[in-house]
Each structure stands twice: as C-alpha cells, then as structure tokens.
file entry.cif (mmCIF, C-alpha atoms)
data_model
loop_
_atom_site.label_atom_id
_atom_site.label_comp_id
_atom_site.auth_asym_id
_atom_site.auth_seq_id
_atom_site.Cartn_x
_atom_site.Cartn_y
_atom_site.Cartn_z
CA GLU A 1 0.00 0.00 0.00
CA ALA A 2 1.17 3.55 -0.66
CA GLY A 3 2.28 5.39 2.45
CA VAL A 4 1.33 8.78 3.82
CA ALA A 5 2.37 11.47 1.34
CA GLN A 6 3.47 14.93 2.45
CA SER A 7 4.63 17.99 0.56
CA PRO A 8 6.75 19.96 0.43
CA ARG A 9 9.71 18.14 2.00
CA TYR A 10 11.46 21.38 2.94
CA LYS A 11 10.37 24.99 3.32
CA ILE A 12 12.29 28.09 4.33
CA ILE A 13 10.36 31.27 5.07
CA GLU A 14 10.89 34.52 6.92
CA LYS A 15 9.08 35.27 10.14
CA ARG A 16 5.62 36.75 9.71
CA GLN A 17 5.19 35.00 6.36
CA SER A 18 2.60 32.27 5.86
CA VAL A 19 3.11 28.65 4.87
CA ALA A 20 0.94 25.63 4.10
CA PHE A 21 1.63 21.91 4.25
CA TRP A 22 -0.29 19.19 2.50
CA CYS A 23 -0.95 15.58 3.51
CA ASN A 24 -2.52 12.65 1.70
CA PRO A 25 -3.16 9.77 4.12
CA ILE A 26 -3.23 6.07 3.38
CA SER A 27 -6.37 5.18 1.45
CA GLY A 28 -9.20 4.18 3.77
CA HIS A 29 -7.64 5.60 6.92
CA ALA A 30 -10.30 7.45 8.85
CA THR A 31 -8.04 9.14 11.38
CA LEU A 32 -5.48 11.79 10.45
CA TYR A 33 -3.01 13.54 12.72
CA TRP A 34 -0.63 16.48 12.47
CA TYR A 35 2.39 16.42 14.76
CA GLN A 36 5.10 19.01 15.36
CA GLN A 37 8.59 17.75 16.14
CA ILE A 38 11.04 20.36 17.35
CA LEU A 39 14.72 19.37 17.20
CA GLY A 40 15.68 17.23 20.20
CA GLN A 41 12.07 16.59 21.23
CA GLY A 42 9.48 13.94 20.54
CA PRO A 43 6.53 14.55 18.22
CA LYS A 44 3.75 16.64 19.76
CA LEU A 45 0.15 16.29 18.57
CA LEU A 46 -1.26 19.46 17.05
CA ILE A 47 -4.60 18.22 15.75
CA GLN A 48 -6.45 14.96 15.17
CA PHE A 49 -9.25 14.41 12.66
CA GLN A 50 -11.72 11.54 12.56
CA ASN A 51 -12.97 11.60 8.96
CA ASN A 52 -13.44 15.35 8.46
CA GLY A 53 -14.31 16.21 12.06
CA VAL A 54 -11.83 17.50 14.66
CA VAL A 55 -11.30 15.13 17.60
CA ASP A 56 -8.53 16.98 19.45
CA ASP A 57 -6.99 20.37 18.73
CA SER A 58 -6.13 21.27 22.31
CA GLN A 59 -2.43 21.85 21.54
CA LEU A 60 -2.94 23.76 18.29
CA PRO A 61 -1.95 27.45 18.60
CA LYS A 62 -5.19 28.62 17.06
CA ASP A 63 -4.14 32.26 16.78
CA ARG A 64 -1.70 31.30 14.01
CA PHE A 65 -2.26 27.66 13.07
CA SER A 66 -5.23 26.25 11.19
CA ALA A 67 -5.96 22.88 9.65
CA GLU A 68 -8.68 21.36 7.59
CA ARG A 69 -9.49 17.97 6.15
CA LEU A 70 -11.75 18.29 3.19
CA LYS A 71 -14.01 15.37 2.29
CA GLY A 72 -12.34 13.30 4.99
CA VAL A 73 -9.26 12.57 2.87
CA ASP A 74 -6.45 15.11 2.23
CA SER A 75 -5.51 17.67 4.83
CA THR A 76 -3.70 21.00 4.91
CA LEU A 77 -1.99 22.67 7.85
CA LYS A 78 -1.38 26.41 7.65
CA ILE A 79 0.72 28.78 9.73
CA GLN A 80 0.03 32.51 9.46
CA PRO A 81 2.05 34.41 10.52
CA ALA A 82 5.06 32.20 11.24
CA LYS A 83 7.36 32.77 14.21
CA LEU A 84 10.95 31.67 14.71
CA GLU A 85 9.83 29.02 17.24
CA ASP A 86 7.71 27.32 14.56
CA SER A 87 10.89 25.90 13.03
CA ALA A 88 10.32 22.15 13.26
CA VAL A 89 9.43 19.05 11.28
CA TYR A 90 5.70 18.76 10.69
CA LEU A 91 4.60 15.15 10.51
CA CYS A 92 1.32 13.89 9.18
CA ALA A 93 0.12 10.47 10.27
CA SER A 94 -2.94 8.35 9.61
CA SER A 95 -4.52 5.27 11.11
CA LEU A 96 -7.36 3.00 10.11
CA ASN A 97 -9.28 3.92 13.24
CA GLN A 98 -8.58 5.56 16.55
CA GLY A 99 -7.32 3.23 19.23
CA SER A 100 -4.79 0.60 20.16
CA GLY A 101 -5.57 -1.68 17.26
CA SER A 102 -4.50 0.91 14.72
CA PRO A 103 -0.88 2.04 14.93
CA LEU A 104 -0.03 5.38 13.36
CA HIS A 105 1.59 5.47 9.93
CA PHE A 106 3.73 8.58 9.51
CA GLY A 107 4.74 10.47 6.42
CA ASN A 108 8.32 11.68 5.93
CA GLY A 109 7.46 15.13 7.20
CA THR A 110 8.02 18.72 6.10
CA ARG A 111 11.03 20.46 7.58
CA LEU A 112 10.17 24.12 8.16
CA THR A 113 12.85 26.72 8.83
CA VAL A 114 11.70 30.19 9.87
CA THR A 115 14.41 32.87 9.61
CA ASP B 1 5.90 18.70 31.95
CA GLN B 2 7.51 15.70 30.34
CA GLN B 3 5.15 12.82 31.04
CA VAL B 4 7.20 10.32 29.04
CA LYS B 5 10.95 10.41 29.61
CA GLN B 6 13.81 8.78 27.81
CA ASN B 7 16.78 9.77 29.89
CA SER B 8 19.48 8.39 27.58
CA PRO B 9 19.82 10.58 24.49
CA SER B 10 22.18 8.07 22.90
CA LEU B 11 23.36 4.49 23.19
CA SER B 12 26.08 2.55 21.38
CA VAL B 13 26.03 -1.25 21.23
CA GLN B 14 28.25 -3.81 19.55
CA GLU B 15 26.67 -5.77 16.72
CA GLY B 16 25.28 -9.09 17.96
CA ARG B 17 24.87 -7.88 21.54
CA ILE B 18 21.67 -6.88 23.30
CA SER B 19 20.39 -3.29 23.08
CA ILE B 20 18.25 -2.08 25.97
CA LEU B 21 16.37 1.18 25.63
CA ASN B 22 14.57 2.59 28.64
CA CYS B 23 11.51 4.75 29.12
CA ASP B 24 9.82 6.14 32.25
CA TYR B 25 6.40 7.72 32.56
CA THR B 26 4.70 9.78 35.23
CA ASN B 27 1.02 9.69 34.28
CA SER B 28 -0.67 6.76 36.03
CA MET B 29 -3.55 6.96 33.54
CA PHE B 30 -1.32 5.69 30.74
CA ASP B 31 -2.18 2.08 29.96
CA TYR B 32 -0.93 1.52 26.43
CA PHE B 33 2.66 1.91 25.32
CA LEU B 34 4.40 1.84 21.96
CA TRP B 35 7.87 2.03 20.51
CA TYR B 36 8.54 3.79 17.21
CA LYS B 37 11.76 3.73 15.22
CA LYS B 38 12.92 6.66 13.09
CA TYR B 39 15.58 6.81 10.40
CA PRO B 40 16.96 10.21 9.28
CA ALA B 41 14.68 12.16 6.92
CA GLU B 42 11.88 9.64 7.39
CA GLY B 43 8.83 9.54 9.60
CA PRO B 44 8.66 7.25 12.65
CA THR B 45 7.55 3.68 12.01
CA PHE B 46 5.66 1.54 14.50
CA LEU B 47 7.76 -1.20 16.07
CA ILE B 48 5.95 -2.88 18.96
CA SER B 49 3.31 -2.14 21.60
CA ILE B 50 2.16 -3.38 24.98
CA SER B 51 -1.01 -2.99 27.00
CA SER B 52 -0.92 -2.56 30.76
CA ILE B 53 -2.65 -5.93 31.20
CA LYS B 54 0.62 -7.55 30.11
CA ASP B 55 4.17 -7.24 31.38
CA LYS B 56 5.92 -8.53 28.27
CA ASN B 57 5.36 -8.58 24.53
CA GLU B 58 7.69 -10.17 22.03
CA ASP B 59 8.01 -9.83 18.26
CA GLY B 60 11.01 -11.49 16.71
CA ARG B 61 14.17 -9.79 17.93
CA PHE B 62 12.18 -7.12 19.78
CA THR B 63 10.74 -7.51 23.28
CA VAL B 64 9.08 -4.83 25.35
CA PHE B 65 8.86 -5.18 29.14
CA LEU B 66 6.47 -3.16 31.29
CA ASN B 67 6.87 -2.59 35.03
CA LYS B 68 3.69 -0.79 36.08
CA SER B 69 4.67 -0.30 39.71
CA ALA B 70 7.87 1.45 38.65
CA LYS B 71 6.18 3.22 35.72
CA HIS B 72 8.99 1.94 33.54
CA LEU B 73 9.24 0.13 30.24
CA SER B 74 12.15 -1.10 28.22
CA LEU B 75 12.78 -2.30 24.70
CA HIS B 76 15.22 -5.16 24.20
CA ILE B 77 16.72 -5.86 20.80
CA VAL B 78 18.65 -9.07 20.49
CA PRO B 79 20.79 -9.66 18.59
CA SER B 80 21.45 -6.07 17.53
CA GLN B 81 22.08 -5.49 13.83
CA PRO B 82 23.53 -2.49 11.94
CA GLY B 83 20.08 -1.76 10.47
CA ASP B 84 18.81 -1.16 13.99
CA SER B 85 20.78 2.10 14.13
CA ALA B 86 18.04 4.74 14.41
CA VAL B 87 16.27 6.99 16.90
CA TYR B 88 13.76 5.13 19.07
CA PHE B 89 10.76 6.90 20.54
CA CYS B 90 8.70 5.61 23.42
CA ALA B 91 5.03 6.70 23.39
CA ALA B 92 2.13 6.30 25.80
CA SER B 93 -1.63 6.62 25.69
CA GLY B 94 -4.60 6.29 27.99
CA ASN B 95 -7.88 4.43 27.62
CA PHE B 96 -6.06 1.50 26.00
CA GLY B 97 -4.84 3.53 23.07
CA ASN B 98 -7.97 5.56 22.47
CA GLU B 99 -6.40 8.77 23.71
CA LYS B 100 -3.68 10.80 22.08
CA LEU B 101 -0.10 9.56 22.13
CA THR B 102 2.49 11.33 24.25
CA PHE B 103 6.00 10.79 22.94
CA GLY B 104 9.33 10.75 24.73
CA THR B 105 12.33 12.69 23.44
CA GLY B 106 13.96 9.68 21.80
CA THR B 107 17.17 7.65 22.15
CA ARG B 108 19.64 7.46 19.29
CA LEU B 109 20.90 3.88 19.01
CA THR B 110 24.13 3.22 17.15
CA ILE B 111 25.13 -0.36 16.40
CA ILE B 112 28.86 -0.74 16.02
CA PRO B 113 29.90 -3.38 13.45
#

call {"tool": "encode", "arguments": {"input": "entry.cif", "output": "structure tokens"}}
result
Amino acid sequence: EAGVAQSPRYKIIEKRQSVAFWCNPISGHATLYWYQQILGQGPKLLIQFQNNGVVDDSQLPKDRFSAERLKGVDSTLKIQPAKLEDSAVYLCASSLNQGSGSPLHFGNGTRLTVT
Amino acid sequence: DQQVKQNSPSLSVQEGRISILNCDYTNSMFDYFLWYKKYPAEGPTFLISISSIKDKNEDGRFTVFLNKSAKHLSLHIVPSQPGDSAVYFCAASGNFGNEKLTFGTGTRLTIIP
C-alpha cells in the first residue's frame, strides 16, 4: 500500500510569512493527525481528525495555526504568521481507526525553517 | 511537563549484543505503550506495543517489558544489527490507546559493526 504522502519536504520562510503543508493519508484511513517535532524533542500532537471532524486540537496554537481535512481525505496545515519558534518538522500520520488496534503510519514530514 | 521520559539521548552497542532502551512515565492513567523507530529524513515507524494488562510482549528480535509499579518500560533488541541504528521513541496513551499519544524525546541507538 502507498504510504502517507506529504509535501513539500522542505520549506524556508521569513518570520511573519505564511506557509501551508499538504498531507494525503493512506487510502481508507479514517483518522489523520498532524504532529510538530522540534529538534531534540518527541513529536507533539497538534490536531487529530476523525474523517473530516476534529477530535482533538487542544495543543494547536489557534491564533496562528489552522488545519482542515476536506471530504475526509487530504488535509492541509497552515501557519500565518510564522514565528521563529515554529521551526520544526511537521509530521502527518494516519490510522485506520482511533485506538490501540491501529498504529499510526507517519509520512516523511516537512522540515520548516523560519528565519 | 515531560510525562514520558527517555533519559538516555544516545546508546552505542556492539553488533550481535543486546540493546536495551529505557523509558519512564509519570502519568498513572497511561495504559498503552508503543515504541517507534525513526531513520533520518523519514517519519517514525511503529515497532511494537504493549497494554498494561501484560508485562511482556515479544516480536522477533524485539521484546518490550512493562513494570507498572515502577512506571517503567524497556525495549530489548537481540541480537542487535547495523540496520537497527536509528532513533527510538517511546510513546504512551490512555484508555487503551484511544487517547492521544504522548512521545518521549527519543534515544539514538548506534550499532557498532
């Protein structure tokens, strides 16, 4: 099966600019996640979708970050305006369902550098 | 607050020997634990998991041990192979995996040929 696809792989922007990341999950996977991984730390959940509904966005900085999952398939994560501390790898993951029987499948991530 | 801790940022092990990676957690509501492996420039991949109703789970060369009273788990890899060189993340969840995963900071394992 094809894995989780993410684009772009790398992005460099200046602070206060905006940026968007795209994710295409594994076909049939109902649950989609966006994680932020800052250098030297573990991945931190930003938002979780079940189909096209939000399950958990408690750690999403909603003043600058937004995400949507149209038609319950692809998803985009946007940052506007970016800050220096947003420099990180943004990982998209999907799972068949939510829960212990469905491990997360991660994409290769988008490395964002904010200068 | 770091609810899942991996106190060893790095570990080097001779090929063929046993690798032991450790993880501690503080949240007593966690009852489902996973290990993910990450190569450079790739996303993490699922390795093995364990529920709190067990104290051991084995899959080939990989075994995870859970000590609930100590809030500690460990991943054993035996024998270690060069392809095992990667960063290993411990993760934990509540409600038997139905809640969000909390990841540790990772341990970089290097297998020396």

call {"tool": "interface_residues", "arguments": {"input": "entry.cif", "of": "chain A", "to": "chain B", "cutoff": "9 Å", "atoms": "all atoms listed in the file", "output": "list in words"}}
result
Gly40, Gln41, Gly42, Pro43, Lys44, Leu45, Gln48, Asp56, Leu91, Cys92, Ala93, Gln98, Gly99, Ser100, Gly101, Ser102, Pro103, Leu104, His105, Phe106, Gly107, Asn108 and Gly109 of chain A

call {"tool": "residues_around", "arguments": {"input": "entry.cif", "residues": "Arg69 of chain A", "least_positions_apart": "5", "cutoff": "8 Å", "atoms": "all atoms listed in the file", "output": "CSV table (one decimal) with C-alpha atoms, in the frame of the given file"}}
result
chain,number,residue,atom,x,y,z
A,49,PHE,CA,-9.2,14.4,12.7
A,51,ASN,CA,-13.0,11.6,9.0
A,52,ASN,CA,-13.4,15.4,8.5
A,53,GLY,CA,-14.3,16.2,12.1
A,74,ASP,CA,-6.4,15.1,2.2
A,75,SER,CA,-5.5,17.7,4.8
A,76,THR,CA,-3.7,21.0,4.9

call {"tool": "atom_distance", "arguments": {"input": "entry.cif", "atom1": "atom CA of Trp22 of chain A", "atom2": "atom CA of Thr110 of chain A"}}
result
9.1 Å

call {"tool": "atom_distance", "arguments": {"input": "entry.cif", "atom1": "atom CA of Ile20 of chain B", "atom2": "atom CA of Ser74 of chain B"}}
result
6.6 Å

call {"tool": "closest_residue", "arguments": {"input": "entry.cif", "among": "A:Ala82, A:Leu32, A:Ile38, A:Ala88", "to": "Asp63 of chain A", "atoms": "only C-alpha atoms"}}
result
A:Ala82

call {"tool": "resolve_selection", "arguments": {"input": "entry.cif", "expression": "the PyMOL selection byres ((chain A and resi 47) around 8)", "output": "mmCIF file with C-alpha atoms, in the coordinates of the input"}}
result
data_model
loop_
_atom_site.group_PDB
_atom_site.id
_atom_site.type_symbol
_atom_site.label_atom_id
_atom_site.label_comp_id
_atom_site.auth_asym_id
_atom_site.auth_seq_id
_atom_site.Cartn_x
_atom_site.Cartn_y
_atom_site.Cartn_z
ATOM 1 C CA TYR A 33 -3.010 13.540 12.720
ATOM 2 C CA TRP A 34 -0.630 16.480 12.470
ATOM 3 C CA TYR A 35 2.390 16.420 14.760
ATOM 4 C CA LEU A 45 0.150 16.290 18.570
ATOM 5 C CA LEU A 46 -1.260 19.460 17.050
ATOM 6 C CA GLN A 48 -6.450 14.960 15.170
ATOM 7 C CA PHE A 49 -9.250 14.410 12.660
ATOM 8 C CA VAL A 54 -11.830 17.500 14.660
ATOM 9 C CA VAL A 55 -11.300 15.130 17.600
ATOM 10 C CA ASP A 56 -8.530 16.980 19.450
ATOM 11 C CA ASP A 57 -6.990 20.370 18.730
ATOM 12 C CA SER A 58 -6.130 21.270 22.310
ATOM 13 C CA GLN A 59 -2.430 21.850 21.540
ATOM 14 C CA LEU A 60 -2.940 23.760 18.290
ATOM 15 C CA ALA A 67 -5.960 22.880 9.650
#

call {"tool": "atom_distance", "arguments": {"input": "entry.cif", "atom1": "atom CA of Phe65 of chain B", "atom2": "atom CA of Ile111 of chain B"}}
result
21.2 Å

call {"tool": "residues_around", "arguments": {"input": "entry.cif", "residues": "Ala70 of chain B", "least_positions_apart": "3", "cutoff": "12 Å", "atoms": "all atoms listed in the file", "output": "PyMOL selection string"}}
result
chain B and resi 23-28+55+65-67+73-74

call {"tool": "resolve_selection", "arguments": {"input": "entry.cif", "expression": "the PyMOL selection byres ((chain A and resi 114) around 12)", "output": "short mmCIF file (atom, residue, chain, number, x, y, z; two decimals) with C-alpha atoms, keeping the file's coordinate frame"}}
result
data_model
loop_
_atom_site.label_atom_id
_atom_site.label_comp_id
_atom_site.auth_asym_id
_atom_site.auth_seq_id
_atom_site.Cartn_x
_atom_site.Cartn_y
_atom_site.Cartn_z
CA TYR A 10 11.46 21.38 2.94
CA LYS A 11 10.37 24.99 3.32
CA ILE A 12 12.29 28.09 4.33
CA ILE A 13 10.36 31.27 5.07
CA GLU A 14 10.89 34.52 6.92
CA LYS A 15 9.08 35.27 10.14
CA ARG A 16 5.62 36.75 9.71
CA GLN A 17 5.19 35.00 6.36
CA SER A 18 2.60 32.27 5.86
CA VAL A 19 3.11 28.65 4.87
CA ILE A 79 0.72 28.78 9.73
CA GLN A 80 0.03 32.51 9.46
CA PRO A 81 2.05 34.41 10.52
CA ALA A 82 5.06 32.20 11.24
CA LYS A 83 7.36 32.77 14.21
CA LEU A 84 10.95 31.67 14.71
CA GLU A 85 9.83 29.02 17.24
CA ASP A 86 7.71 27.32 14.56
CA SER A 87 10.89 25.90 13.03
CA ALA A 88 10.32 22.15 13.26
CA VAL A 89 9.43 19.05 11.28
CA ARG A 111 11.03 20.46 7.58
CA LEU A 112 10.17 24.12 8.16
CA THR A 113 12.85 26.72 8.83
CA THR A 115 14.41 32.87 9.61
#

call {"tool": "closest_residue", "arguments": {"input": "entry.cif", "among": "A:Thr31, A:Ser7, A:Gln36, A:Asn24", "to": "Pro61 of chain A", "atoms": "only C-alpha atoms"}}
result
A:Gln36

call {"tool": "closest_residue", "arguments": {"input": "entry.cif", "among": "B:Asp84, B:His72, B:Glu58, B:Asp31", "to": "Asn7 of chain B", "atoms": "all atoms listed in the file"}}
result
B:His72

call {"tool": "closest_residue", "arguments": {"input": "entry.cif", "among": "B:Met29, B:Ile53, B:Val64, B:Ile18", "to": "Val78 of chain B", "atoms": "all atoms listed in the file"}}
result
B:Ile18

call {"tool": "closest_residue", "arguments": {"input": "entry.cif", "among": "B:Ser85, B:Ser80, B:Ser52, B:Thr110", "to": "Ser19 of chain B", "atoms": "all atoms listed in the file"}}
result
B:Ser80

call {"tool": "closest_residue", "arguments": {"input": "entry.cif", "among": "A:Gln6, A:Ser95, A:Gln37, A:Gln50", "to": "Gly72 of chain A", "atoms": "all atoms listed in the file"}}
result
A:Gln50

call {"tool": "residues_near_point", "arguments": {"input": "entry.cif", "point": "(-8.1, 26.9, 12.6)", "cutoff": "7 Å", "atoms": "all atoms listed in the file", "output": "VMD selection string"}}
result
chain A and resid 62 65 to 67

call {"tool": "write_last_selection", "arguments": {"input": "entry.cif", "atoms": "C-alpha atoms", "output": "tab-separated table (two decimals), in the frame of the given file"}}
result
chain	number	residue	atom	x	y	z
A	62	LYS	CA	-5.19	28.62	17.06
A	65	PHE	CA	-2.26	27.66	13.07
A	66	SER	CA	-5.23	26.25	11.19
A	67	ALA	CA	-5.96	22.88	9.65
